[in-house]
>>> print(open('protein14.cif').read())   # mmCIF, C-alpha atoms
data_structure
#
loop_
_atom_site.label_atom_id
_atom_site.label_comp_id
_atom_site.auth_asym_id
_atom_site.auth_seq_id
_atom_site.Cartn_x
_atom_site.Cartn_y
_atom_site.Cartn_z
CA MET A 24 118.45 203.42 192.71
CA SER A 25 119.99 205.87 190.30
CA PRO A 26 118.88 206.00 186.66
CA ASP A 27 122.35 204.88 185.56
CA ALA A 28 122.21 201.78 187.80
CA ALA A 29 118.73 200.89 186.58
CA ALA A 30 119.87 201.24 183.00
CA THR A 31 122.78 198.80 183.47
CA ARG A 32 120.78 196.18 185.37
CA PRO A 33 120.25 193.03 183.20
CA PRO A 34 116.70 192.24 182.15
CA TRP A 35 114.81 189.79 184.34
CA TRP A 36 114.91 187.05 181.74
CA VAL A 37 118.70 187.20 181.61
CA LEU A 38 118.85 186.67 185.36
CA LEU A 39 116.40 183.78 185.03
CA VAL A 40 118.47 182.10 182.30
CA GLY A 41 121.62 182.53 184.39
CA ALA A 42 119.95 180.99 187.42
CA ALA A 43 118.69 178.09 185.30
CA LEU A 44 122.17 177.50 183.89
CA GLY A 45 123.58 177.53 187.40
CA ILE A 46 121.05 174.93 188.52
CA LEU A 47 121.77 172.76 185.48
CA THR A 48 125.50 172.98 186.14
CA PHE A 49 124.95 171.95 189.75
CA VAL A 50 122.77 169.00 188.71
CA ALA A 51 125.27 167.85 186.08
CA THR A 52 128.20 168.13 188.45
CA PHE A 53 126.75 166.65 191.59
CA LEU A 54 123.99 164.35 190.33
CA VAL A 55 124.23 163.32 186.66
CA LYS A 56 127.99 162.76 186.59
CA PRO A 57 128.05 160.43 189.63
CA VAL A 58 124.99 158.54 188.37
CA TRP A 59 126.54 158.14 184.94
CA GLY A 60 129.81 157.03 186.50
CA TYR A 61 127.99 154.42 188.56
CA TYR A 62 126.07 153.18 185.50
CA LYS A 63 129.27 153.06 183.43
CA ALA A 64 131.13 151.16 186.14
CA ARG A 65 128.32 148.62 186.39
CA ARG A 66 128.45 147.99 182.65
CA GLU A 67 132.23 147.64 182.67
CA ARG A 68 132.63 145.46 185.75
CA PRO A 69 133.36 141.73 185.32
CA ARG A 70 130.32 139.57 184.72
CA PHE A 71 130.55 135.83 184.21
CA ARG A 72 128.33 133.44 182.31
CA VAL A 73 128.44 129.81 181.23
CA ASP A 74 129.95 129.72 177.74
CA GLY A 75 128.38 126.97 175.67
CA ASP A 76 127.34 123.60 177.01
CA PRO A 77 128.85 121.79 179.97
CA TYR A 78 130.86 118.96 178.49
CA THR A 79 132.23 115.53 179.32
CA VAL A 80 135.29 114.28 177.46
CA LEU A 81 137.36 111.11 177.57
CA VAL A 82 140.97 112.19 178.06
CA PRO A 83 144.27 110.35 178.53
CA VAL A 84 146.00 110.51 181.89
CA ARG A 85 149.60 109.54 182.60
CA ASP A 86 150.79 108.01 185.85
CA THR A 87 154.37 108.96 186.66
CA GLU A 88 156.84 106.41 187.90
CA GLY A 89 156.17 105.58 191.53
CA GLY A 90 152.52 106.70 191.43
CA GLY A 91 153.20 110.34 192.24
CA SER A 92 151.75 113.09 190.09
CA GLN A 93 149.47 112.62 187.11
CA SER A 94 148.70 114.79 184.14
CA PHE A 95 146.05 115.12 181.44
CA ASP A 96 146.65 115.14 177.69
CA PHE A 97 150.09 113.58 177.81
CA HIS A 98 150.43 110.43 175.74
CA PRO A 99 154.02 109.38 175.01
CA PRO A 100 154.07 105.92 173.41
CA ALA A 101 156.56 104.55 175.95
CA ILE A 102 154.35 105.22 178.99
CA PRO A 103 151.09 103.30 179.53
CA VAL A 104 148.11 105.61 179.54
CA VAL A 105 144.54 105.13 180.74
CA ARG A 106 141.59 107.26 179.75
CA MET A 107 138.96 108.77 182.03
CA TRP A 108 135.88 110.92 181.79
CA VAL A 109 136.29 114.55 182.84
CA ALA A 110 133.21 116.73 183.35
CA SER A 111 133.87 120.44 182.91
CA VAL A 112 132.20 123.76 182.25
CA ARG A 113 133.53 126.83 180.44
CA LEU A 114 133.09 130.19 182.14
CA LYS A 115 133.48 133.51 180.32
CA ASN A 116 134.07 137.03 181.58
CA ASP A 117 131.41 138.79 179.53
CA PRO A 118 130.87 142.38 180.75
CA ALA A 119 128.15 144.50 179.16
CA ALA A 120 130.69 147.13 178.08
CA PRO A 121 134.21 145.62 177.87
CA ALA A 122 136.92 147.97 179.08
CA PRO A 123 140.29 147.75 180.84
CA ALA A 124 138.36 147.89 184.13
CA SER A 125 136.58 144.66 183.15
CA ARG A 126 139.57 142.51 184.01
CA ALA A 127 138.76 140.06 186.80
CA ASP A 128 141.61 139.14 189.15
CA GLY A 129 141.93 136.61 191.95
CA ILE A 130 139.00 134.52 190.74
CA ARG A 131 138.41 131.37 192.80
CA ALA A 132 135.79 128.68 192.27
CA ARG A 133 134.21 126.96 195.25
CA VAL A 134 132.44 123.79 194.13
CA THR A 135 129.75 122.27 196.36
CA PHE A 136 128.15 118.86 195.71
CA SER A 137 124.73 118.26 197.27
CA THR A 138 121.90 115.79 197.05
CA TRP A 139 118.81 117.01 195.27
CA ASP A 140 117.14 117.68 198.62
CA GLY A 141 119.93 120.08 199.58
CA ALA A 142 122.16 117.97 201.86
CA VAL A 143 125.80 118.90 201.24
CA VAL A 144 127.91 115.86 200.35
CA LEU A 145 131.27 117.42 199.53
CA THR A 146 132.83 120.87 199.18
CA VAL A 147 135.93 121.70 197.14
CA PRO A 148 137.16 125.10 198.40
CA GLY A 149 139.48 125.70 195.44
CA GLY A 150 138.28 124.29 192.13
CA ARG A 151 140.60 123.15 189.37
CA TRP A 152 140.93 125.61 186.47
CA GLY A 153 141.75 123.73 183.29
CA GLU A 154 144.40 124.73 180.78
CA ILE A 155 146.80 126.01 183.42
CA ARG A 156 149.87 124.36 184.88
CA GLN A 157 149.19 121.05 186.56
CA PRO A 158 150.97 120.63 189.92
CA ASP A 159 153.79 118.12 190.00
CA ASP A 160 155.67 118.94 193.21
CA PRO A 161 153.95 118.48 196.60
CA MET A 162 156.47 120.85 198.18
CA GLU A 163 155.34 123.78 196.02
CA GLY A 164 151.70 123.62 197.09
CA THR A 165 148.69 124.40 194.93
CA VAL A 166 147.14 127.53 196.45
CA GLU A 167 148.47 129.81 193.72
CA LEU A 168 146.78 127.62 191.10
CA GLU A 169 143.35 128.17 192.64
CA GLU A 170 143.19 131.84 191.64
CA VAL A 171 143.21 133.00 188.03
CA SER A 172 142.60 136.19 186.08
CA PHE A 173 140.17 136.77 183.22
CA ARG A 174 140.48 139.48 180.62
CA ALA A 175 137.24 140.81 179.20
CA GLY A 176 135.96 138.15 176.81
CA GLN A 177 138.32 135.45 178.08
CA ARG A 178 137.09 131.89 178.65
CA ARG A 179 138.46 129.25 181.00
CA PRO A 180 137.32 125.68 181.65
CA LEU A 181 136.61 124.59 185.21
CA ASN A 182 137.05 120.85 185.81
CA ILE A 183 134.27 119.48 188.02
CA ALA A 184 134.70 115.73 188.36
CA ILE A 185 136.34 112.62 186.88
CA ARG A 186 135.26 109.03 186.43
CA HIS A 187 137.18 105.97 185.32
CA PRO A 188 135.06 103.98 182.85
CA GLU A 189 133.15 101.05 184.32
CA GLU A 190 133.75 102.18 187.91
CA GLY A 191 130.71 102.79 190.10
CA VAL A 192 132.11 105.95 191.71
CA CYS A 193 133.41 109.31 190.53
CA TYR A 194 135.67 111.92 192.12
CA ALA A 195 135.52 115.67 192.54
CA LEU A 196 138.64 117.21 191.06
CA ASP A 197 141.02 119.79 192.50
CA ASN A 198 144.71 120.55 192.14
CA GLN A 199 145.62 118.19 194.97
CA SER A 200 144.17 115.35 192.92
CA PHE A 201 147.19 115.51 190.64
CA LEU A 202 149.49 114.85 193.59
CA ALA A 203 147.45 112.10 195.24
CA GLY A 204 148.54 109.23 193.00
CA ASN A 205 146.20 106.41 191.94
CA LEU A 206 145.32 108.17 188.68
CA LEU A 207 143.54 111.15 190.26
CA ARG A 208 141.40 108.97 192.55
CA ARG A 209 141.62 111.04 195.71
CA PRO A 210 139.73 109.14 198.45
CA GLU A 211 138.48 112.25 200.27
CA ARG A 212 136.96 113.50 196.99
CA GLN A 213 135.04 110.31 196.20
CA LEU A 214 131.36 110.57 195.24
CA ARG A 215 129.03 107.57 195.41
CA GLY A 216 125.49 107.19 194.24
CA GLY A 217 124.18 110.43 192.84
CA PRO A 218 122.87 112.34 191.06
CA TRP A 219 124.23 115.53 192.60
CA ARG A 220 123.42 119.21 192.51
CA VAL A 221 126.66 121.10 191.83
CA LYS A 222 126.96 124.75 192.83
CA VAL A 223 129.91 126.74 191.50
CA SER A 224 130.53 129.92 193.48
CA LEU A 225 132.90 132.42 191.88
CA SER A 226 134.59 135.03 194.05
CA GLY A 227 137.30 137.59 193.45
CA VAL A 228 137.88 141.29 192.96
CA GLY A 229 134.43 142.67 192.12
CA VAL A 230 132.98 139.20 191.49
CA ASP A 231 130.41 137.22 193.47
CA GLN A 232 128.34 134.88 191.26
CA GLN A 233 126.90 131.39 191.41
CA PHE A 234 126.02 128.76 188.82
CA THR A 235 124.20 125.47 189.31
CA PHE A 236 124.50 122.17 187.47
CA ASP A 237 123.33 118.57 187.74
CA LEU A 238 125.95 115.82 187.72
CA SER A 239 125.18 112.12 187.31
CA MET A 240 126.79 108.85 186.33
CA VAL A 241 125.23 107.41 183.19
CA ASP A 242 126.33 103.99 181.95
CA ASP A 243 130.14 104.16 182.26
CA ALA A 244 130.40 107.92 181.72
CA LEU A 245 129.50 111.23 183.42
CA ARG A 246 126.75 113.66 182.53
CA LEU A 247 126.77 117.35 183.43
CA ARG A 248 123.68 119.49 182.95
CA GLU A 249 123.13 123.19 183.50
CA ARG A 250 120.22 124.20 185.72
CA ARG A 251 117.69 126.58 184.21
CA ASP A 252 116.48 129.66 186.06
CA ASP A 253 113.08 128.03 186.55
CA GLY A 254 114.69 125.27 188.60
CA GLY A 255 114.34 122.66 185.87
CA SER A 256 117.15 120.82 184.18
CA GLU A 257 117.83 120.64 180.50
CA GLN A 258 120.11 118.35 178.53
CA ARG A 259 123.16 120.46 177.71
CA THR A 260 125.83 117.79 177.56
CA ALA A 261 128.48 117.38 174.90
CA VAL A 262 130.33 114.07 174.81
CA ALA A 263 133.53 113.58 172.84
#
>>> encode(input="protein14.cif", output="structure tokens")
Amino acid sequence: MSPDAAATRPPWWVLLVGAALGILTFVATFLVKPVWGYYKARRERPRFRVDGDPYTVLVPVRDTEGGGSQSFDFHPPAIPVVRMWVASVRLKNDPAAPAPASRADGIRARVTFSTWDGAVVLTVPGGRWGEIRQPDDPMEGTVELEEVSFRAGQRRPLNIAIRHPEEGVCYALDNQSFLAGNLLRRPERQLRGGPWRVKVSLSGVGVDQQFTFDLSMVDDALRLRERRDDGGSEQRTAVA
């Protein structure tokens, strides 16, 4: 090596620093960035939880002329109205880090009623989301009402079951119930006896979660309780 070449060669520590910077750049590009992206996506993805207490309310229901469709919360003085108990739960899209990517689309609720020893009694493939349009035309179908979207932070009630006061049975509720006549008493959704373990399975784009409740008939009303993680049951029922 000539003296001139030796004189222009960088010191060893400069080469070492350059190599270290190259390694750090490689790690940041091919390891840290993907890991951070994965962590960020996990924090932003939809995540559901039960918002507040399950609740049971006494609501009016209208029977249309001819016993066709029914509807909640419609009480014109000229049309006779009965009142029934409706057991519901509010679900909230509550991501750890709300972002535009936190929106949950195509969310369906599958509701399964079982005995406490695990025997399935009844399954509702498409649960009834409250506060959306109630079906009134059998020709239109109800499939599109079974899927909803949630913005980050948005809450929606899910109707679980109904009971007419002083009757010894209750009924699981779905959108077809509004088209069945007989004030939402759909025979194939009838529940006798009880109590029941109710599993709500949410599915949709990026969503696969389950929640468990206890449903029972108490006096002439309904009671809905949320199951704790330890398998016990606590009283979390609001009655209005």
>>> closest_residue(input="protein14.cif", among="A:Ala120, A:Leu202, A:Leu145, A:Leu247", to="A:Pro158", atoms="all atoms listed in the file")
A:Leu202
>>> closest_atom_pairs(input="protein14.cif", of="stretch 90-197 of chain A", to="stretch 76-83 of chain A", cutoff="6 Å", atoms="all atoms listed in the file", output="JSON lines")
{"residue": "A:Phe95", "atom": "CA", "partner": "A:Pro83", "partner_atom": "CA", "distance": 5.9}
{"residue": "A:Asp96", "atom": "CA", "partner": "A:Pro83", "partner_atom": "CA", "distance": 5.4}
{"residue": "A:Val105", "atom": "CA", "partner": "A:Pro83", "partner_atom": "CA", "distance": 5.7}
{"residue": "A:Arg106", "atom": "CA", "partner": "A:Pro83", "partner_atom": "CA", "distance": 4.3}
{"residue": "A:Met107", "atom": "CA", "partner": "A:Leu81", "partner_atom": "CA", "distance": 5.3}
{"residue": "A:Trp108", "atom": "CA", "partner": "A:Leu81", "partner_atom": "CA", "distance": 4.5}
{"residue": "A:Val109", "atom": "CA", "partner": "A:Thr79", "partner_atom": "CA", "distance": 5.5}
{"residue": "A:Ala110", "atom": "CA", "partner": "A:Thr79", "partner_atom": "CA", "distance": 4.3}
{"residue": "A:Ser111", "atom": "CA", "partner": "A:Tyr78", "partner_atom": "CA", "distance": 5.5}
{"residue": "A:Val112", "atom": "CA", "partner": "A:Pro77", "partner_atom": "CA", "distance": 4.5}
>>> residues_around(input="protein14.cif", residues="A:Ala124", least_positions_apart="4", cutoff="9 Å", atoms="all atoms listed in the file", output="count of residues only")
5
>>> atom_distance(input="protein14.cif", atom1="atom CA of A:Glu167", atom2="atom CA of A:Pro180")
16.9 Å
>>> resolve_selection(input="protein14.cif", expression="the PyMOL selection byres ((chain A and resi 137) around 12)", output="compact mmCIF listing (two decimals) with C-alpha atoms, keeping the file's coordinate frame")
# COMPACT_ATOMS: atom_id res chain seq x y z
CA VAL A 134 132.44 123.79 194.13
CA THR A 135 129.75 122.27 196.36
CA PHE A 136 128.15 118.86 195.71
CA THR A 138 121.90 115.79 197.05
CA TRP A 139 118.81 117.01 195.27
CA ASP A 140 117.14 117.68 198.62
CA GLY A 141 119.93 120.08 199.58
CA ALA A 142 122.16 117.97 201.86
CA VAL A 143 125.80 118.90 201.24
CA VAL A 144 127.91 115.86 200.35
CA LEU A 145 131.27 117.42 199.53
CA THR A 146 132.83 120.87 199.18
CA VAL A 147 135.93 121.70 197.14
CA LEU A 214 131.36 110.57 195.24
CA ARG A 215 129.03 107.57 195.41
CA GLY A 216 125.49 107.19 194.24
CA GLY A 217 124.18 110.43 192.84
CA PRO A 218 122.87 112.34 191.06
CA TRP A 219 124.23 115.53 192.60
CA ARG A 220 123.42 119.21 192.51
CA VAL A 221 126.66 121.10 191.83
CA LYS A 222 126.96 124.75 192.83
CA VAL A 223 129.91 126.74 191.50
CA THR A 235 124.20 125.47 189.31
CA PHE A 236 124.50 122.17 187.47
CA ASP A 237 123.33 118.57 187.74
CA LEU A 238 125.95 115.82 187.72
CA SER A 239 125.18 112.12 187.31
>>> atom_distance(input="protein14.cif", atom1="atom CA of A:Asn182", atom2="atom CA of A:Ser200")
11.5 Å
>>> residues_around(input="protein14.cif", residues="A:Val73", least_positions_apart="3", cutoff="7 Å", atoms="only C-alpha atoms", output="PyMOL selection string")
chain A and resi 113-115
>>> atom_distance(input="protein14.cif", atom1="atom CA of A:Trp152", atom2="atom CA of A:Arg133")
11.1 Å
>>> resolve_selection(input="protein14.cif", expression="the PyMOL selection byres ((chain A and resi 199) around 10)", output="PyMOL selection string")
chain A and resi 92+149-151+157-159+161+164-166+196-198+200-204+207+209
>>> closest_residue(input="protein14.cif", among="A:Arg131, A:Arg156, A:Arg246, A:Arg126", to="A:Ala184", atoms="all atoms listed in the file")
A:Arg246
>>> resolve_selection(input="protein14.cif", expression="the PyMOL selection byres ((chain A and resi 116) around 7)", output="PyMOL selection string")
chain A and resi 69-72+114-115+117-118+173-178
>>> axis_aligned_box(input="protein14.cif", around="stretch 203-215 of chain A", padding_each_side="6 Å", output="JSON")
{"center_x": 138.8, "center_y": 110.0, "center_z": 194.5, "size_x": 31.5, "size_y": 19.1, "size_z": 23.6}
